[in-house]
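Student: Structure file final_29.cif (mmCIF, C-alpha atoms and all ligand atoms) is given on the next line.
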data_target
#
loop_
_atom_site.label_atom_id
_atom_site.label_comp_id
_atom_site.auth_asym_id
_atom_site.auth_seq_id
_atom_site.Cartn_x
_atom_site.Cartn_y
_atom_site.Cartn_z
CA MET A 676 58.70 -53.17 46.77
CA LYS A 677 57.06 -55.90 48.86
CA ALA A 678 57.09 -53.62 51.93
CA LEU A 679 55.53 -50.80 49.90
CA PHE A 680 52.81 -53.09 48.58
CA SER A 681 52.04 -54.45 52.04
CA SER A 682 51.78 -50.96 53.59
CA ILE A 683 49.43 -49.83 50.77
CA TYR A 684 47.41 -53.01 51.37
CA SER A 685 47.15 -52.42 55.15
CA TRP A 686 46.17 -48.77 54.51
CA ALA A 687 43.34 -49.86 52.18
CA ASP A 688 42.38 -52.83 54.42
CA GLU A 689 41.88 -50.58 57.47
CA ARG A 690 39.45 -48.46 55.47
CA LEU A 691 37.73 -51.07 53.25
CA GLY A 692 37.96 -54.34 55.19
CA LEU A 693 39.74 -56.13 52.31
CA GLU A 694 40.82 -58.98 54.58
CA ASP A 695 37.19 -60.19 54.84
CA LEU A 696 37.10 -60.51 51.04
CA VAL A 697 40.43 -62.34 50.96
CA GLN A 698 39.22 -64.80 53.61
CA PHE A 699 35.99 -65.31 51.70
CA ALA A 700 37.89 -66.00 48.45
CA LYS A 701 40.23 -68.44 50.25
CA HIS A 702 37.36 -70.50 51.60
CA LYS A 703 35.09 -70.52 48.54
CA THR A 704 34.98 -73.97 46.96
CA VAL A 705 33.30 -75.58 43.94
CA PRO A 706 32.19 -79.25 43.87
CA VAL A 707 34.18 -81.59 41.61
CA HIS A 708 32.23 -84.35 39.81
CA SER A 709 31.43 -85.69 36.36
CA GLN A 710 28.79 -83.00 35.65
CA ALA A 711 30.89 -80.04 36.83
CA PHE A 712 31.32 -78.92 33.18
CA TRP A 713 27.86 -77.35 33.40
CA TYR A 714 29.04 -74.94 36.12
CA TYR A 715 30.84 -72.90 33.44
CA TRP A 716 27.71 -71.76 31.62
CA GLY A 717 26.60 -69.06 34.08
CA GLY A 718 30.09 -67.57 33.84
CA LEU A 719 29.97 -67.79 30.04
CA SER A 720 26.64 -65.91 30.00
CA LEU A 721 28.32 -63.28 32.16
CA PHE A 722 31.29 -63.07 29.79
CA PHE A 723 29.05 -62.38 26.79
CA PHE A 724 27.12 -59.78 28.77
CA VAL A 725 30.37 -57.89 29.50
CA ILE A 726 31.19 -57.99 25.76
CA GLN A 727 27.73 -56.53 25.07
CA CYS A 728 28.33 -53.64 27.46
CA VAL A 729 31.72 -52.75 25.94
CA THR A 730 30.69 -53.04 22.28
CA GLY A 731 27.32 -51.39 22.99
CA VAL A 732 29.06 -48.28 24.36
CA LEU A 733 31.32 -48.18 21.27
CA LEU A 734 28.26 -48.38 18.98
CA LEU A 735 26.66 -45.54 20.95
CA LEU A 736 29.48 -43.23 19.84
CA TYR A 737 28.03 -43.20 16.29
CA TYR A 738 24.47 -44.54 16.42
CA ARG A 739 21.68 -41.96 16.02
CA PRO A 740 18.13 -43.11 16.83
CA GLY A 741 15.18 -41.63 14.91
CA PRO A 742 14.91 -40.86 11.17
CA ASP A 743 18.71 -41.06 10.82
CA ALA A 744 19.01 -44.54 12.36
CA TYR A 745 19.65 -46.48 9.14
CA ASP A 746 22.18 -43.93 7.86
CA SER A 747 24.11 -44.01 11.12
CA VAL A 748 24.35 -47.82 11.03
CA ARG A 749 25.43 -47.65 7.37
CA GLN A 750 28.12 -45.19 8.45
CA ILE A 751 29.23 -47.49 11.30
CA THR A 752 29.36 -50.48 8.93
CA TYR A 753 31.09 -48.93 5.91
CA ASP A 754 32.74 -45.61 6.88
CA THR A 755 34.01 -45.98 10.45
CA ASN A 756 37.29 -47.77 11.20
CA PHE A 757 36.47 -51.21 12.62
CA GLY A 758 32.82 -50.18 12.90
CA TRP A 759 31.75 -53.32 11.02
CA LEU A 760 33.70 -55.45 13.50
CA VAL A 761 32.25 -53.83 16.61
CA ARG A 762 28.74 -54.22 15.15
CA SER A 763 29.40 -57.80 14.16
CA VAL A 764 30.78 -58.70 17.61
CA HIS A 765 27.80 -57.01 19.31
CA SER A 766 25.26 -58.92 17.20
CA TRP A 767 27.01 -62.30 17.41
CA ALA A 768 27.65 -61.99 21.16
CA ALA A 769 23.95 -61.15 21.70
CA ASN A 770 23.01 -64.48 20.12
CA LEU A 771 25.76 -66.41 21.90
CA MET A 772 24.72 -64.88 25.22
CA ILE A 773 21.13 -66.03 24.82
CA ALA A 774 22.31 -69.48 23.72
CA ALA A 775 24.63 -69.68 26.78
CA ILE A 776 21.77 -68.60 29.08
CA PHE A 777 19.55 -71.37 27.66
CA VAL A 778 22.28 -74.00 28.24
CA HIS A 779 22.81 -72.60 31.75
CA MET A 780 19.08 -72.69 32.51
CA PHE A 781 18.63 -76.31 31.39
CA SER A 782 21.77 -77.50 33.18
CA VAL A 783 20.61 -75.80 36.39
CA TYR A 784 17.22 -77.44 35.83
CA PHE A 785 18.52 -80.98 35.37
CA MET A 786 20.91 -80.60 38.34
CA LYS A 787 17.79 -79.61 40.31
CA ALA A 788 19.62 -76.50 41.50
CA TYR A 789 16.28 -74.67 41.80
CA ARG A 790 15.46 -76.58 45.01
CA LYS A 791 15.62 -75.05 48.48
CA PRO A 792 17.45 -72.73 49.25
CA ARG A 793 18.04 -71.67 45.60
CA GLU A 794 14.49 -70.75 44.54
CA PHE A 795 15.35 -67.07 44.19
CA GLY A 796 18.32 -68.00 42.02
CA TRP A 797 15.85 -69.70 39.68
CA TRP A 798 13.39 -66.80 39.64
CA SER A 799 16.02 -64.08 39.26
CA GLY A 800 17.53 -66.19 36.44
CA MET A 801 14.18 -66.35 34.66
CA ALA A 802 13.90 -62.57 34.95
CA LEU A 803 17.38 -62.27 33.41
CA LEU A 804 16.43 -64.58 30.53
CA GLY A 805 13.23 -62.58 29.89
CA MET A 806 15.18 -59.34 29.87
CA ALA A 807 17.90 -60.79 27.64
CA MET A 808 15.22 -61.68 25.09
CA VAL A 809 13.76 -58.17 25.25
CA PHE A 810 17.32 -56.81 24.81
CA GLY A 811 17.52 -58.89 21.64
CA PHE A 812 14.07 -57.88 20.36
CA SER A 813 14.62 -54.15 20.96
CA GLY A 814 18.15 -54.21 19.53
CA TYR A 815 17.04 -56.00 16.36
CA LEU A 816 14.96 -52.99 15.21
CA LEU A 817 17.63 -50.34 15.80
CA PRO A 818 19.37 -50.54 12.34
CA MET A 819 15.95 -50.04 10.65
CA ASP A 820 16.80 -52.18 7.63
CA ASP A 821 13.95 -54.03 5.93
CA LEU A 822 14.34 -57.31 7.86
CA ALA A 823 14.43 -55.47 11.21
CA TYR A 824 11.41 -53.38 10.28
CA PHE A 825 9.17 -56.22 9.06
CA ALA A 826 10.23 -58.71 11.76
CA THR A 827 9.39 -56.11 14.43
CA LYS A 828 6.07 -55.41 12.71
CA VAL A 829 5.19 -59.13 12.88
CA GLY A 830 6.43 -59.36 16.49
CA MET A 831 4.30 -56.42 17.54
CA GLU A 832 1.23 -57.98 15.91
CA ILE A 833 1.67 -61.04 18.13
CA PHE A 834 1.93 -58.67 21.09
CA ALA A 835 -1.27 -56.89 19.99
CA ALA A 836 -3.11 -60.26 19.93
CA VAL A 837 -2.95 -60.50 23.75
CA PRO A 838 -6.62 -60.35 24.81
CA GLY A 839 -7.77 -57.07 26.37
CA ILE A 840 -4.80 -54.80 26.85
CA GLY A 841 -2.81 -56.11 23.82
CA PRO A 842 -3.78 -53.49 21.17
CA LYS A 843 -3.37 -50.51 23.54
CA LEU A 844 -0.06 -51.86 24.83
CA ALA A 845 1.22 -52.42 21.28
CA ASP A 846 0.35 -48.80 20.34
CA LEU A 847 2.13 -47.58 23.43
CA VAL A 848 5.28 -49.59 22.72
CA ARG A 849 5.29 -48.65 19.00
CA GLY A 850 4.48 -44.99 19.64
CA GLY A 851 1.55 -45.24 17.21
CA PRO A 852 -0.36 -47.75 15.10
CA ASP A 853 2.70 -48.67 13.02
CA VAL A 854 6.44 -49.30 13.46
CA SER A 855 8.09 -45.91 12.82
CA GLU A 856 10.95 -43.67 13.92
CA TYR A 857 9.06 -43.22 17.21
CA THR A 858 9.30 -46.98 17.74
CA VAL A 859 13.05 -46.75 17.16
CA HIS A 860 13.27 -44.04 19.83
CA ARG A 861 11.28 -46.10 22.32
CA PHE A 862 13.21 -49.30 21.62
CA PHE A 863 16.44 -47.35 21.90
CA ALA A 864 15.47 -45.97 25.33
CA LEU A 865 14.51 -49.51 26.40
CA HIS A 866 17.70 -51.04 25.01
CA VAL A 867 20.26 -48.61 26.45
CA VAL A 868 18.58 -47.14 29.55
CA VAL A 869 15.65 -49.06 30.99
CA LEU A 870 16.87 -52.65 30.47
CA PRO A 871 20.46 -52.07 31.69
CA ALA A 872 19.08 -50.20 34.73
CA VAL A 873 16.99 -53.23 35.71
CA PHE A 874 19.21 -56.03 34.35
CA VAL A 875 22.42 -55.05 36.17
CA PRO A 876 20.94 -54.97 39.73
CA MET A 877 19.07 -58.24 38.98
CA LEU A 878 22.36 -59.80 37.84
CA GLY A 879 24.02 -58.51 41.03
CA PHE A 880 21.28 -60.17 43.09
CA HIS A 881 21.66 -63.44 41.11
CA LEU A 882 25.43 -63.54 41.61
CA TRP A 883 25.12 -62.61 45.28
CA LEU A 884 22.78 -65.59 45.75
CA VAL A 885 25.33 -67.88 44.12
CA GLN A 886 27.98 -66.64 46.56
CA ARG A 887 25.58 -67.10 49.47
CA HIS A 888 24.53 -70.68 48.69
CA GLY A 889 27.49 -71.99 46.69
CA ASN A 890 27.08 -74.32 43.70
CA ALA A 891 24.42 -76.98 43.98
CA GLU A 892 25.43 -80.60 43.50
CA PRO A 893 23.35 -82.85 41.25
CA PRO A 894 21.19 -85.45 43.09
CA SER A 895 23.57 -88.29 42.08
CA GLU A 896 26.37 -86.54 44.03
CA GLU A 897 24.21 -85.62 46.99
CA ALA A 898 23.33 -89.28 47.42
CA LYS A 899 27.02 -90.15 48.01
CA PRO A 900 28.51 -90.23 51.52
CA GLU A 901 30.37 -87.05 52.52
CA ALA A 902 33.77 -88.77 52.33
CA GLN A 903 33.34 -89.55 48.62
CA ARG A 904 32.38 -86.00 47.62
CA GLN A 905 35.16 -83.78 46.34
CA SER A 906 35.61 -80.06 45.89
CA GLU A 907 38.28 -77.60 44.74
CA SER A 908 39.09 -74.02 45.68
CA PHE A 909 37.40 -71.37 43.57
CA PHE A 910 40.41 -69.08 43.81
CA PRO A 911 42.56 -69.68 41.82
CA ASN A 912 41.69 -73.21 40.55
CA PHE A 913 38.12 -72.90 39.31
CA MET A 914 38.57 -69.25 38.34
CA MET A 915 41.43 -70.20 36.00
CA LYS A 916 39.24 -72.85 34.36
CA ASP A 917 36.46 -70.26 34.07
CA PHE A 918 38.93 -67.93 32.30
CA ALA A 919 40.01 -70.76 29.99
CA MET A 920 36.37 -71.22 28.98
CA TRP A 921 36.08 -67.47 28.40
CA LEU A 922 39.11 -67.69 26.11
CA VAL A 923 37.41 -70.46 24.11
CA ALA A 924 34.23 -68.33 23.95
CA PHE A 925 36.28 -65.33 22.81
CA ASN A 926 37.79 -67.40 20.00
CA VAL A 927 34.42 -68.71 18.85
CA LEU A 928 33.03 -65.16 18.91
CA SER A 929 36.04 -63.75 16.99
CA VAL A 930 35.82 -66.40 14.27
CA LEU A 931 32.08 -65.85 13.81
CA ALA A 932 32.33 -62.04 13.82
CA PHE A 933 35.26 -62.03 11.32
CA MET A 934 34.13 -64.78 8.99
CA PHE A 935 30.43 -63.89 8.94
CA PRO A 936 30.20 -60.09 9.37
CA TRP A 937 26.74 -59.01 10.44
CA ASN A 938 24.69 -57.95 7.43
CA LEU A 939 22.91 -54.63 6.85
CA GLY A 940 19.98 -54.99 4.44
CA PRO A 941 18.33 -52.26 2.37
CA GLN A 942 16.66 -49.40 4.23
CA ALA A 943 13.18 -50.19 5.58
CA ASP A 944 10.37 -48.93 3.38
CA ALA A 945 6.86 -49.24 4.77
CA LEU A 946 5.37 -48.94 1.26
CA LYS A 947 7.27 -51.93 -0.15
CA PRO A 948 5.88 -55.46 0.32
CA ALA A 949 7.48 -57.45 3.14
CA PRO A 950 10.39 -59.66 1.95
CA LEU A 951 9.52 -63.38 1.77
CA GLY A 952 9.92 -65.59 4.85
CA ILE A 953 9.97 -62.79 7.44
CA HIS A 954 10.63 -64.31 10.83
CA PRO A 955 11.91 -63.28 14.27
CA GLU A 956 15.30 -64.21 15.77
CA TRP A 957 15.84 -67.94 16.47
CA TYR A 958 15.04 -67.61 20.17
CA PHE A 959 11.50 -66.46 19.37
CA MET A 960 10.91 -69.09 16.67
CA SER A 961 9.37 -71.62 19.04
CA GLN A 962 6.68 -69.17 20.24
CA PHE A 963 6.22 -68.01 16.63
CA GLN A 964 5.56 -71.59 15.47
CA ILE A 965 3.23 -72.42 18.36
CA LEU A 966 1.13 -69.34 17.57
CA LYS A 967 1.14 -70.18 13.86
CA VAL A 968 -0.03 -73.77 14.49
CA PHE A 969 -2.78 -72.68 16.86
CA GLY A 970 -3.76 -69.98 14.33
CA ASP A 971 -4.13 -72.69 11.64
CA TRP A 972 -6.09 -75.04 13.89
CA PHE A 973 -8.66 -72.55 15.19
CA PRO A 974 -10.65 -69.90 13.33
CA GLY A 975 -9.98 -66.14 13.58
CA LYS A 976 -8.44 -64.61 16.69
CA LEU A 977 -9.29 -67.69 18.78
CA GLY A 978 -6.17 -69.54 17.56
CA GLU A 979 -3.81 -66.69 18.49
CA ILE A 980 -5.44 -66.34 21.90
CA LEU A 981 -5.26 -70.09 22.63
CA GLY A 982 -1.63 -70.13 21.50
CA ILE A 983 -0.78 -67.31 23.90
CA VAL A 984 -2.70 -69.06 26.71
CA ALA A 985 -0.87 -72.39 26.07
CA PHE A 986 2.50 -70.68 26.04
CA THR A 987 1.80 -68.65 29.20
CA ALA A 988 0.60 -71.80 31.02
CA GLY A 989 3.84 -73.65 30.11
CA LEU A 990 5.92 -70.69 31.26
CA MET A 991 4.06 -70.53 34.57
CA LEU A 992 4.72 -74.23 35.24
CA TRP A 993 8.40 -73.68 34.42
CA LEU A 994 8.56 -70.72 36.82
CA LEU A 995 6.81 -72.57 39.64
CA ILE A 996 8.87 -75.78 39.43
CA PRO A 997 10.83 -74.98 42.66
CA LEU A 998 7.51 -75.03 44.54
CA TYR A 999 6.58 -78.46 43.13
CA ASP A 1000 9.80 -80.49 43.15
CA LEU A 1001 10.67 -79.95 46.81
CA ALA A 1002 12.11 -83.14 48.26
CA GLN A 1003 15.85 -83.74 48.22
CA GLU A 1004 15.45 -87.50 47.74
CA ALA A 1005 14.27 -89.12 44.48
CA GLY A 1006 10.49 -89.50 44.39
CA ARG A 1007 7.49 -89.19 42.10
CA ARG A 1008 7.61 -85.39 41.95
CA ALA A 1009 11.35 -85.40 41.23
CA ARG A 1010 10.83 -87.81 38.32
CA ARG A 1011 7.89 -85.82 36.94
CA ALA A 1012 9.93 -82.62 37.09
CA THR A 1013 12.73 -84.31 35.12
CA TYR A 1014 10.27 -85.54 32.47
CA PHE A 1015 8.75 -82.07 32.26
CA GLY A 1016 12.26 -80.65 31.71
CA LEU A 1017 12.96 -83.19 28.97
CA PHE A 1018 9.61 -82.48 27.34
CA THR A 1019 10.25 -78.71 27.42
CA LEU A 1020 13.73 -79.11 25.94
CA VAL A 1021 12.53 -81.37 23.12
CA ALA A 1022 9.47 -79.15 22.46
CA LEU A 1023 11.60 -75.99 22.29
CA ILE A 1024 14.14 -77.52 19.89
CA GLY A 1025 11.47 -79.36 17.90
CA THR A 1026 9.19 -76.35 17.35
CA THR A 1027 12.20 -74.17 16.47
CA ILE A 1028 13.40 -76.62 13.79
CA TRP A 1029 9.83 -77.04 12.55
CA ALA A 1030 9.46 -73.23 12.27
CA TYR A 1031 12.58 -73.01 10.05
CA LEU A 1032 11.50 -75.97 7.89
CA VAL A 1033 8.13 -74.41 6.99
CA LEU A 1034 9.33 -70.83 6.46
C1 LIG A 1101 22.52 -63.20 31.96
C2 LIG A 1101 22.01 -64.28 32.50
C3 LIG A 1101 22.65 -65.09 33.59
C4 LIG A 1101 23.90 -64.96 34.14
C5 LIG A 1101 25.00 -63.98 33.76
C6 LIG A 1101 24.03 -65.97 35.17
C7 LIG A 1101 25.16 -66.19 35.93
C8 LIG A 1101 25.32 -67.22 36.85
C9 LIG A 1101 26.57 -67.63 37.45
C10 LIG A 1101 27.94 -67.00 37.17
C11 LIG A 1101 26.29 -68.69 38.26
C12 LIG A 1101 27.31 -69.52 39.08
C13 LIG A 1101 27.96 -70.57 38.19
C14 LIG A 1101 27.01 -71.60 37.61
O1 LIG A 1101 26.38 -72.37 38.37
O2 LIG A 1101 26.88 -71.63 36.37
C15 LIG A 1101 24.86 -68.93 38.22
C16 LIG A 1101 24.17 -69.87 38.98
C17 LIG A 1101 22.80 -70.09 38.93
N1 LIG A 1101 21.92 -69.59 37.98
FE1 LIG A 1101 22.39 -68.16 36.63
N2 LIG A 1101 22.85 -66.69 35.23
C18 LIG A 1101 21.99 -66.19 34.28
C19 LIG A 1101 20.72 -66.66 33.97
C20 LIG A 1101 20.07 -67.70 34.66
C21 LIG A 1101 18.81 -68.33 34.27
C22 LIG A 1101 18.03 -67.99 33.00
C23 LIG A 1101 18.50 -69.24 35.24
C24 LIG A 1101 17.30 -70.14 35.35
C25 LIG A 1101 16.09 -69.78 35.11
C26 LIG A 1101 19.55 -69.20 36.24
C27 LIG A 1101 19.56 -69.91 37.43
C28 LIG A 1101 20.66 -70.10 38.22
C29 LIG A 1101 20.71 -70.91 39.42
C30 LIG A 1101 19.52 -71.66 40.09
C31 LIG A 1101 22.04 -70.91 39.85
C32 LIG A 1101 22.64 -71.70 41.03
C33 LIG A 1101 23.24 -72.94 40.41
C34 LIG A 1101 24.01 -73.75 41.41
O3 LIG A 1101 23.86 -73.53 42.58
O4 LIG A 1101 24.75 -74.62 40.94
N3 LIG A 1101 20.50 -68.29 35.83
N4 LIG A 1101 24.29 -68.03 37.33
#
Give the structure from this file in structure tokens form.
Ligand code: HEM

Tutor:
Amino acid sequence: MKALFSSIYSWADERLGLEDLVQFAKHKTVPVHSQAFWYYWGGLSLFFFVIQCVTGVLLLLYYRPGPDAYDSVRQITYDTNFGWLVRSVHSWAANLMIAAIFVHMFSVYFMKAYRKPREFGWWSGMALLGMAMVFGFSGYLLPMDDLAYFATKVGMEIFAAVPGIGPKLADLVRGGPDVSEYTVHRFFALHVVVLPAVFVPMLGFHLWLVQRHGNAEPPSEEAKPEAQRQSESFFPNFMMKDFAMWLVAFNVLSVLAFMFPWNLGPQADALKPAPLGIHPEWYFMSQFQILKVFGDWFPGKLGEILGIVAFTAGLMLWLLIPLYDLAQEAGRRARRATYFGLFTLVALIGTTIWAYLVL
């Protein structure tokens, strides 16, 4: 048996160069230190993304975009074997994936892993986060129940408030002046064709960069002499720990999806008044609140425009941080970058809680 396996291996190796991969896996290491727990969060984001792909394809077997959208989701939820479970897992994993990406982003930030040579890891990661949020926004409308319909309507109004191109862009995305079955078609195309086609290569690039540069060590570790720094092999040691974390994530996801099955509200009806307290998903609540506050402070459209400007400016600073905090040693810029990170974290959590309190 062993001889058979080894001759199959040599046959494949001659044609595919497998030995290079084996050597690479043997030499790949991961730093060991007190903050190494945060290295699991990129892998966890990846795990949830794989769940999204599998459950998304299963949902595609029955989902019908267009005027039939609500009926098809009702059929998935109530008439199809395990349809409710697949839908529930897909919706819960979408939220857990975005939560894991946020944890990953902030841990990378505070470990200063955006510094040279990892700038492109930071930027490709930001692109992935942006796309993950658009995945969530476009997916939210697809069932066309009343919450989905009115939340998308509100979301698109914010979009339309962008000075200049906003109204035209909103019409283009909606397929008309209002959210309709055409919007469902467009969001569907975005959700299952355009986004995956861009997200997957971007993810490949992101993971390739991680392989190229290895895991960054936090500044406290980098300050230690070489002899005091430890590492472990990725294969199989760290990979097994990664899998253990995936198992924990799978359990959390299963409990949530079983115990709190994803709801389907009444069918959207444009003629009915919007239900009370319409709001977007939690990961848009911070922006939602900032725009609301600016809208209250300033008259007319000015508030919305200033809100959008303030948010875009913050985002730009966040994106450009690798070009500001350059030095490896602790200095004024390094400290400022850390304070900016703390401020952003507190502001994001604070405005999100505030948004829920005043709903
Ligand atoms: C679907 C989204 C994402 C996936 C699947 C993903 C996956 C990963 C994985 C598996 C790693 C290696 C392990 C680790 O350090 O955690 C990693 C590293 C990294 N990620 Fe992400 N990531 C995503 C989003 C992001 C975001 C939003 C950012 C920041 C804006 C980011 C920035 C980085 C950086 C700079 C590294 C290198 C960290 C280091 O060297 O220690 N990633 N990512």

Student: Could you list, as an MDAnalysis selection string, every residue within 10 Å of segment 757-771 of chain A, counting only C-alpha atoms and ignoring same-chain residues fewer than 4 positions away?

Tutor: chainID A and resid 719:720 722:731 733:734 737 748:753 775:777 807:808 810:811 814:815 924:925 927:939 956:958

Student: I'd like the neighbourhood of segment 677-685 of chain A as a PyMOL selection string, where a residue qualifies if any of its atoms comes within 12 Å (using only C-alpha atoms), though same-chain residues fewer than 6 positions away should be ignored.

Tutor: chain A and resi 691-694+697

Student: Can you write out the residues you just picked, keeping C-alpha atoms, as a CSV table (one decimal), keeping the file's coordinate frame?

Tutor:
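Writing the result to again-v8.csv gives the following:
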chain,number,residue,atom,x,y,z
A,691,LEU,CA,37.7,-51.1,53.2
A,692,GLY,CA,38.0,-54.3,55.2
A,693,LEU,CA,39.7,-56.1,52.3
A,694,GLU,CA,40.8,-59.0,54.6
A,697,VAL,CA,40.4,-62.3,51.0

Student: Could you check which of A:Ser895, A:Thr1027, A:Asn756, A:Gln698 is closest to Ala1005 of chain A, using all atoms listed in the file?

Tutor: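 Checking each candidate against Ala1005 of chain A, we get A:Ser895 as the closest.
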
Student: Do a neighbour search on segment 835-852 of chain A at 12 Å with all atoms listed in the file, toss out local chain neighbours closer than 6 positions, and write the hits as a list in words.

Tutor: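 Residues near the query, excluding close chain neighbours: Ser813, Leu816, Tyr824, Thr827, Lys828, Val829, Thr858, Val859, His860, Arg861, Phe862, Phe863, Ala864, Leu865, Leu966, Gly970, Gly975, Lys976, Leu977, Gly978, Glu979, Ile980, Leu981, Gly982, Ile983, Val984, Phe986 and Thr987 of chain A.
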
Student: So the first atom is atom CA of Gly800 of chain A and the second is atom CA of Val1021 of chain A; what is the distance between them in Å, to one decimal place?

Tutor: 20.8 Å

Student: Just checking: using all atoms listed in the file, which residue out of A:Ala687, A:Leu736, A:Ile1028, A:Val778 ends up closest to ligand LIG 1101 (chain A)?

Tutor: A:Val778

Student: Counting all atoms listed in the file, name the residues that have an atom within 7 Å of an atom of ligand LIG 1101 (chain A); the answer should be given as a VMD selection string.

Tutor: chain A and resid 713 to 718 720 to 721 724 776 to 777 779 to 780 783 788 to 789 793 to 794 796 to 801 803 to 804 807 878 881 to 882 885 888 to 892

Student: Between atom CA of Thr1026 of chain A and atom CA of Ile965 of chain A, what is the distance, to one decimal in Å?

Tutor: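 Interatomic distance, atom CA of Thr1026 of chain A to atom CA of Ile965 of chain A: 7.2 Å.
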
Student: Would you compute the distance between atom CA of Tyr784 of chain A and atom CA of Gly830 of chain A? Give it in Å to one decimal.

Tutor: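 Between these atoms lies a distance of 28.6 Å.
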
Student: So, with all atoms listed in the file as the atoms that count, which of A:Lys947, A:Ile773, A:Ala1012, A:Ala823 lies closest to Pro997 of chain A?

Tutor: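 Once distances to Pro997 of chain A are computed over all atoms listed in the file, the minimum belongs to A:Ala1012.
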
Student: How big is the axis-aligned box around the listed atoms of segment 678-694 of chain A once 3 Å is added on each side, and where is its centre? Give both in Å to one decimal, as JSON.

Tutor:
{"center_x": 47.4, "center_y": -53.7, "center_z": 53.0, "size_x": 25.4, "size_y": 16.5, "size_z": 14.9}

Student: Please provide as a list in words all residues within 12 Å of Asp944 of chain A, with the sequence filter that same-chain residues fewer than 6 positions apart are discarded (counting only C-alpha atoms).

Tutor: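 Listing them by chain and then by number gives Tyr745, Met819, Asp820, Asp821, Leu822, Ala823, Tyr824, Phe825, Val854, Ser855, Glu856 and Pro950 of chain A.
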
Student: Closest to Phe795 of chain A among A:Ala872, A:Ile996, A:Asp754, A:Val1033, using all atoms listed in the file?

Tutor: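 That would be A:Ile996, the residue with the smallest distance to Phe795 of chain A.
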
Student: Could you check the closest approach to Leu994 of chain A for each of A:Leu696, A:Leu1034, A:Ala711, A:Ala802 and tell me which residue wins, using only C-alpha atoms?

Tutor: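 Ranking A:Leu696, A:Leu1034, A:Ala711, A:Ala802 by distance to Leu994 of chain A, first place goes to A:Ala802.
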